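Participant: Can you keep this structure in mind? I'll have questions shortly.
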Amino acid sequence: MNVDLKTQYLGLNLPHPLVVGASPLVDSLDRVREIEDAGAAALIMHSLFEEQILMDELAEDSYVHGHEETFAEATSYFPASSTFALNPETYLERIRKIKEIVSMPVIGSLNGRTPSGWTDYASDIESAGADALELNLYFQPALHADHPAKIEEDAIKIVKSVCDRVQIPVAVKLSPYFTSLPHFVKQVAGAGAKGVVLFNRFYQPDIDIEELKTVPQLKLSESSELLLRLRWLAILKDQVSIDLSCSGGVHTPVDVIKAVMSGADSVQLVSCLLKNGAGYLSALRTQLLHWLEEHEYPSLQEMKGSMSYRNTPNPDAIERANYVKILTAAQIQDRFGPVKW
Ligand SMILES: Cc1cc2nc3c(=O)[nH]c(=O)nc-3n(C[C@H](O)[C@H](O)[C@H](O)COP(=O)(O)O)c2cc1C
């Protein structure tokens with residue numbers, strides 16, 4: 001049987017749902033070739049960050065107007081320029097170069113948090129040849145003065161400002177921390193986005209108790225992180241008409257199947273490729289295909305959303321009922337053996 005793995009994401013016709021997520025995997029052109037050879041459906045660039053763009057603009061301004069001291073002070077709040085592999089111009093150049101050497105769709109990535117001029121870069125990314133754009137709204141409100149309604153209002157302004165600047169489709173990469181995620185996603189769609197990416201991972205710093213300092217951490221994900229994504233994919237699938245992409249915790253063919261059953265139109269991979277190499281993508285695709293064949297699905301489309309909130313036989317498992325049930329002593333005993341208190 002020939003199972004059809006095709007999917008549509010952001011108006012792009014993809015041969016299957018496995019997309020390489022935003023990461024430094026694009027920093028080497030050889031790696032990009034490997035990714036294409038492994039059969040990736042699409043490639044997402046690592047992000048061009050708001051901080052990077054502002055720093056570049058400040059540098060140019062200080063050069064033109066001779067404000068070197070102001071520049072030094074202002075940029076002391078930013079990450080060192082060596083943090084970024086590419087500056088905004090070389091980032092655009094990298095998109096052009098990648099487009100020359102691969103035939104899979106290339107998705108640019110802009111990453112920021114304030115409604116300001118950096119969003120102009122959306123049209124530069126489009127002109128450089130990107131087939132779509134991922135807009136990453138990575139922020140963690142930490143001040144009591146951060147009013148929730150204002151935060152969402154600003155985020156929607158950013159989405160609108162980016163969508164208004166480009167013809168290519170835009171997906172918005174979100175965090176799970178919204179009072180009402182479905183409501184917010186509806187607004188994202190209303191502002192012109194064609195998709196959302198669920199979710200950003202937050203890299204929480206640890207504490208060094210001897211040195212009394214915070215220690216930045218980069219840990220690759222594990223499959224357990226997928227559960228949060230599955231829940232929200234399943235809930236959003238029936239309520240919003242924009243595309244859904246799953247990012248975070250996809251490591252095995254079973255993870256891919258769960259994400260698609262929950263409603264994902266595309267499934268992004270980063271940690272599993274950093275661990276296993278680009279070739280792992282083709283192994284995942286083959287195992288996905290075999291599983292669908294064995295279970296007699298004619299197509300991936302047939303499976304998509306089959307475990308969405310509406311389609312799941314026990315929707316209360318996604319709701320409060322499950323939370324209440326799972327916390328009973330009997331459940332704990334079943335799972336961990338006799339309770340010792
Ligand atoms: C080393 C590294 C660099 C990343 N850089 C970016 C980035 O530039 N922009 C972005 O939106 N996400 C970035 N991410 C997040 C990934 O795109 C992805 O959302 C996250 O790793 C979860 O997917 P995973 O479980 O497959 O790793 C990065 C992740 C890693 C591990």
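Here's how to read the names in the structure tokens: chain A, B, ... by the order shown, residue numbers from 1 in each chain, ligand numbers from 1 in the order shown.
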Counting only C-alpha atoms and all ligand atoms, what are the residues of chain A within 8 Å of ligand 1, and for each of them which pair of atoms is the nearest and at what distance in Å, to one decimal? Sort the table by chain and rising number, as a Markdown table.

Facilitator:
| residue | atom | partner | partner_atom_place_in_ligand_line | distance |
| --- | --- | --- | --- | --- |
| A:Gly21 | CA | ligand 1 | 17 (O) | 4.6 |
| A:Ala22 | CA | ligand 1 | 17 (O) | 3.8 |
| A:Ser23 | CA | ligand 1 | 5 (N) | 3.9 |
| A:Pro24 | CA | ligand 1 | 3 (C) | 5.6 |
| A:Met45 | CA | ligand 1 | 8 (O) | 7.2 |
| A:His46 | CA | ligand 1 | 8 (O) | 3.7 |
| A:Ser47 | CA | ligand 1 | 8 (O) | 3.8 |
| A:Leu48 | CA | ligand 1 | 8 (O) | 7.1 |
| A:Phe49 | CA | ligand 1 | 8 (O) | 7.9 |
| A:Ser109 | CA | ligand 1 | 11 (O) | 6.6 |
| A:Leu110 | CA | ligand 1 | 11 (O) | 7.8 |
| A:Asn111 | CA | ligand 1 | 11 (O) | 6.7 |
| A:Glu134 | CA | ligand 1 | 11 (O) | 7.6 |
| A:Leu135 | CA | ligand 1 | 11 (O) | 7.7 |
| A:Asn136 | CA | ligand 1 | 11 (O) | 5.4 |
| A:Lys173 | CA | ligand 1 | 11 (O) | 6.9 |
| A:Phe199 | CA | ligand 1 | 19 (O) | 6.5 |
| A:Asn200 | CA | ligand 1 | 19 (O) | 5.1 |
| A:Arg201 | CA | ligand 1 | 20 (C) | 5.7 |
| A:Leu218 | CA | ligand 1 | 31 (C) | 7.1 |
| A:Lys219 | CA | ligand 1 | 31 (C) | 7.2 |
| A:Leu220 | CA | ligand 1 | 31 (C) | 5.7 |
| A:Ser221 | CA | ligand 1 | 25 (O) | 4.5 |
| A:Glu222 | CA | ligand 1 | 25 (O) | 6.6 |
| A:Ser223 | CA | ligand 1 | 25 (O) | 7.7 |
| A:Glu225 | CA | ligand 1 | 25 (O) | 7.5 |
| A:Leu226 | CA | ligand 1 | 25 (O) | 7.9 |
| A:Ser247 | CA | ligand 1 | 23 (O) | 4.8 |
| A:Gly248 | CA | ligand 1 | 25 (O) | 3.3 |
| A:Gly249 | CA | ligand 1 | 25 (O) | 3.8 |
| A:Val250 | CA | ligand 1 | 26 (O) | 5.5 |
| A:His251 | CA | ligand 1 | 26 (O) | 7.2 |
| A:Gln268 | CA | ligand 1 | 26 (O) | 6.0 |
| A:Leu269 | CA | ligand 1 | 26 (O) | 4.0 |
| A:Val270 | CA | ligand 1 | 26 (O) | 3.7 |
| A:Ser271 | CA | ligand 1 | 27 (O) | 3.5 |
| A:Cys272 | CA | ligand 1 | 26 (O) | 6.1 |
| A:Leu273 | CA | ligand 1 | 26 (O) | 7.8 |
| A:Leu274 | CA | ligand 1 | 31 (C) | 7.6 |

Participant: Find the nearest atom pair between each residue of region 263-327 of chain A and region 239-245 of chain A for residues within 9 Å, count only C-alpha atoms, give distances in Å to one decimal, sort rows by chain and ascending number, and present the table as a Markdown table.

Facilitator:
| residue | atom | partner | partner_atom | distance |
| --- | --- | --- | --- | --- |
| A:Gly263 | CA | A:Leu244 | CA | 7.0 |
| A:Ala264 | CA | A:Leu244 | CA | 5.0 |
| A:Asp265 | CA | A:Leu244 | CA | 5.4 |
| A:Ser266 | CA | A:Ser245 | CA | 4.8 |
| A:Val267 | CA | A:Ser245 | CA | 5.6 |
| A:Gln268 | CA | A:Ser245 | CA | 7.0 |

Participant: Name the residues in contact with region 94-105 of chain A at a cut-off of 6 Å, using only C-alpha atoms, excluding same-chain residues fewer than 2 positions from it; report them as a list in words.

Facilitator: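 Near neighbours after the sequence-gap exclusion: Ala42, Thr90, Tyr91, Leu92, Ala128 and Asp131 of chain A.
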
Participant: Which neighbours of Glu302 (chain A) fall inside 12 Å, counting only C-alpha atoms, when residues of the same chain fewer than 6 positions from it are skipped, and could you give them as a short mmCIF file (atom, residue, chain, number, x, y, z; two decimals) with all heavy atoms, in the first residue's frame?

Facilitator:
data_model
loop_
_atom_site.label_atom_id
_atom_site.label_comp_id
_atom_site.auth_asym_id
_atom_site.auth_seq_id
_atom_site.Cartn_x
_atom_site.Cartn_y
_atom_site.Cartn_z
N VAL A 3 1.06 4.78 1.19
CA VAL A 3 0.41 5.77 2.06
C VAL A 3 0.84 7.18 1.67
O VAL A 3 2.03 7.42 1.45
CB VAL A 3 0.78 5.51 3.55
CG1 VAL A 3 0.10 6.54 4.44
CG2 VAL A 3 0.39 4.12 3.96
N ASP A 4 -0.11 8.06 1.59
CA ASP A 4 0.17 9.44 1.21
C ASP A 4 0.47 10.26 2.49
O ASP A 4 -0.40 10.47 3.32
CB ASP A 4 -1.09 9.98 0.51
CG ASP A 4 -0.93 11.41 0.08
OD1 ASP A 4 0.15 11.98 0.32
OD2 ASP A 4 -1.89 11.96 -0.49
N LEU A 5 1.73 10.70 2.59
CA LEU A 5 2.14 11.44 3.80
C LEU A 5 1.99 12.95 3.65
O LEU A 5 2.37 13.72 4.54
CB LEU A 5 3.60 11.13 4.13
CG LEU A 5 3.97 9.74 4.63
CD1 LEU A 5 5.45 9.68 5.00
CD2 LEU A 5 3.14 9.36 5.84
N LYS A 6 1.45 13.38 2.50
CA LYS A 6 1.44 14.83 2.21
C LYS A 6 0.64 15.62 3.26
O LYS A 6 -0.33 15.14 3.81
CB LYS A 6 0.84 15.06 0.83
CG LYS A 6 1.79 14.71 -0.31
CD LYS A 6 1.44 15.43 -1.57
CE LYS A 6 0.54 14.75 -2.53
NZ LYS A 6 0.60 13.34 -2.79
N THR A 7 1.11 16.85 3.44
CA THR A 7 0.39 17.76 4.34
C THR A 7 0.55 19.18 3.81
O THR A 7 1.47 19.45 3.04
CB THR A 7 0.95 17.64 5.79
OG1 THR A 7 0.17 18.46 6.66
CG2 THR A 7 2.41 18.06 5.88
N ILE A 257 3.36 10.65 15.43
CA ILE A 257 1.98 10.17 15.24
C ILE A 257 1.03 10.86 16.22
O ILE A 257 -0.04 11.34 15.86
CB ILE A 257 1.93 8.63 15.39
CG1 ILE A 257 2.70 7.99 14.24
CG2 ILE A 257 0.50 8.11 15.45
CD1 ILE A 257 3.10 6.54 14.49
N VAL A 260 0.40 14.49 15.16
CA VAL A 260 -0.51 14.60 14.00
C VAL A 260 -1.93 14.22 14.43
O VAL A 260 -2.90 14.90 14.05
CB VAL A 260 -0.01 13.72 12.83
CG1 VAL A 260 -1.02 13.73 11.68
CG2 VAL A 260 1.35 14.21 12.33
N MET A 261 -2.07 13.16 15.21
CA MET A 261 -3.42 12.77 15.69
C MET A 261 -4.06 13.91 16.48
O MET A 261 -5.26 14.11 16.43
CB MET A 261 -3.34 11.53 16.58
CG MET A 261 -3.15 10.25 15.81
SD MET A 261 -3.21 8.86 16.97
CE MET A 261 -3.35 7.49 15.83
N GLY A 263 -3.60 17.00 15.91
CA GLY A 263 -4.01 18.07 15.00
C GLY A 263 -2.89 18.82 14.32
O GLY A 263 -3.15 19.79 13.59
N ASP A 265 -0.31 20.13 11.71
CA ASP A 265 -0.13 20.10 10.26
C ASP A 265 1.33 19.90 9.91
O ASP A 265 1.66 19.43 8.83
CB ASP A 265 -0.62 21.42 9.64
CG ASP A 265 -2.10 21.61 9.89
OD1 ASP A 265 -2.89 20.86 9.31
OD2 ASP A 265 -2.47 22.49 10.72
N LEU A 292 1.81 3.78 9.52
CA LEU A 292 0.54 4.10 8.85
C LEU A 292 0.10 2.92 7.97
O LEU A 292 -1.09 2.59 7.92
CB LEU A 292 0.68 5.37 8.02
CG LEU A 292 0.64 6.66 8.85
CD1 LEU A 292 1.36 7.78 8.16
CD2 LEU A 292 -0.79 7.08 9.12
N HIS A 295 -1.25 0.13 10.07
CA HIS A 295 -2.56 0.45 10.65
C HIS A 295 -3.59 0.84 9.59
O HIS A 295 -4.67 1.34 9.94
CB HIS A 295 -2.40 1.54 11.72
CG HIS A 295 -1.65 1.04 12.92
ND1 HIS A 295 -0.29 0.86 12.91
CD2 HIS A 295 -2.07 0.62 14.13
CE1 HIS A 295 0.10 0.38 14.08
NE2 HIS A 295 -0.97 0.22 14.83
N GLU A 296 -3.21 0.59 8.34
CA GLU A 296 -4.12 0.74 7.19
C GLU A 296 -4.74 2.13 7.06
O GLU A 296 -5.93 2.28 6.76
CB GLU A 296 -5.21 -0.35 7.25
CG GLU A 296 -4.57 -1.73 7.19
CD GLU A 296 -5.60 -2.85 7.15
OE1 GLU A 296 -6.80 -2.58 7.28
OE2 GLU A 296 -5.17 -3.99 6.98
#

Participant: DSSP on the backbone: which residues in region 197-237 of chain A end up as helix (DSSP H, G or I)? Give the answer as a list in words.

Facilitator: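 For region 197-237 of chain A, the helix (DSSP H, G or I) set is Ser223, Ser224, Glu225, Leu226, Leu227, Leu228, Arg229, Leu230, Arg231, Trp232, Leu233, Ala234, Ile235, Leu236 and Lys237 of chain A.
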
Participant: Can I get the selection written as a PDB file, in the first residue's frame, with N, CA and C atoms?

Facilitator:
ATOM      1  N   SER A 223      10.895  13.516  25.275  1.00  0.00           N
ATOM      2  CA  SER A 223       9.533  13.251  24.793  1.00  0.00           C
ATOM      3  C   SER A 223       8.463  13.688  25.797  1.00  0.00           C
ATOM      4  N   SER A 224       8.804  13.700  27.105  1.00  0.00           N
ATOM      5  CA  SER A 224       7.790  14.065  28.108  1.00  0.00           C
ATOM      6  C   SER A 224       7.270  15.494  27.884  1.00  0.00           C
ATOM      7  N   GLU A 225       8.085  16.340  27.224  1.00  0.00           N
ATOM      8  CA  GLU A 225       7.643  17.718  26.986  1.00  0.00           C
ATOM      9  C   GLU A 225       6.546  17.805  25.933  1.00  0.00           C
ATOM     10  N   LEU A 226       6.368  16.701  25.218  1.00  0.00           N
ATOM     11  CA  LEU A 226       5.373  16.712  24.141  1.00  0.00           C
ATOM     12  C   LEU A 226       3.945  16.819  24.685  1.00  0.00           C
ATOM     13  N   LEU A 227       3.714  16.291  25.898  1.00  0.00           N
ATOM     14  CA  LEU A 227       2.337  16.191  26.410  1.00  0.00           C
ATOM     15  C   LEU A 227       1.619  17.541  26.427  1.00  0.00           C
ATOM     16  N   LEU A 228       2.344  18.578  26.856  1.00  0.00           N
ATOM     17  CA  LEU A 228       1.742  19.918  26.882  1.00  0.00           C
ATOM     18  C   LEU A 228       1.296  20.333  25.475  1.00  0.00           C
ATOM     19  N   ARG A 229       2.148  20.018  24.497  1.00  0.00           N
ATOM     20  CA  ARG A 229       1.820  20.370  23.098  1.00  0.00           C
ATOM     21  C   ARG A 229       0.594  19.601  22.624  1.00  0.00           C
ATOM     22  N   LEU A 230       0.550  18.303  22.955  1.00  0.00           N
ATOM     23  CA  LEU A 230      -0.564  17.475  22.478  1.00  0.00           C
ATOM     24  C   LEU A 230      -1.894  18.029  22.990  1.00  0.00           C
ATOM     25  N   ARG A 231      -1.895  18.408  24.247  1.00  0.00           N
ATOM     26  CA  ARG A 231      -3.131  18.913  24.847  1.00  0.00           C
ATOM     27  C   ARG A 231      -3.636  20.144  24.094  1.00  0.00           C
ATOM     28  N   TRP A 232      -2.717  21.083  23.847  1.00  0.00           N
ATOM     29  CA  TRP A 232      -3.159  22.332  23.214  1.00  0.00           C
ATOM     30  C   TRP A 232      -3.429  22.163  21.730  1.00  0.00           C
ATOM     31  N   LEU A 233      -2.699  21.276  21.082  1.00  0.00           N
ATOM     32  CA  LEU A 233      -3.028  20.982  19.675  1.00  0.00           C
ATOM     33  C   LEU A 233      -4.460  20.456  19.610  1.00  0.00           C
ATOM     34  N   ALA A 234      -4.773  19.495  20.484  1.00  0.00           N
ATOM     35  CA  ALA A 234      -6.099  18.867  20.478  1.00  0.00           C
ATOM     36  C   ALA A 234      -7.192  19.894  20.756  1.00  0.00           C
ATOM     37  N   ILE A 235      -6.919  20.814  21.668  1.00  0.00           N
ATOM     38  CA  ILE A 235      -7.931  21.832  22.014  1.00  0.00           C
ATOM     39  C   ILE A 235      -8.097  22.846  20.876  1.00  0.00           C
ATOM     40  N   LEU A 236      -6.969  23.277  20.303  1.00  0.00           N
ATOM     41  CA  LEU A 236      -7.046  24.330  19.273  1.00  0.00           C
ATOM     42  C   LEU A 236      -7.579  23.815  17.944  1.00  0.00           C
ATOM     43  N   LYS A 237      -7.277  22.536  17.651  1.00  0.00           N
ATOM     44  CA  LYS A 237      -7.624  21.984  16.337  1.00  0.00           C
ATOM     45  C   LYS A 237      -9.086  22.257  15.954  1.00  0.00           C
TER      46      LYS A 237
END

Participant: Give me the residues within 8 Å of region 275-278 of chain A as a count of residues only, counting only C-alpha atoms and dropping any in the same chain fewer than 2 places off.

Facilitator: 10

Participant: Might you pull out every residue within 12 Å of Glu152 (chain A), with only C-alpha atoms counted and same-chain residues fewer than 2 positions away left off, and present them as a ChimeraX atom specification?

Facilitator: /A:113-115,137,139,141,146-150,154-159,174,177-181,183-188
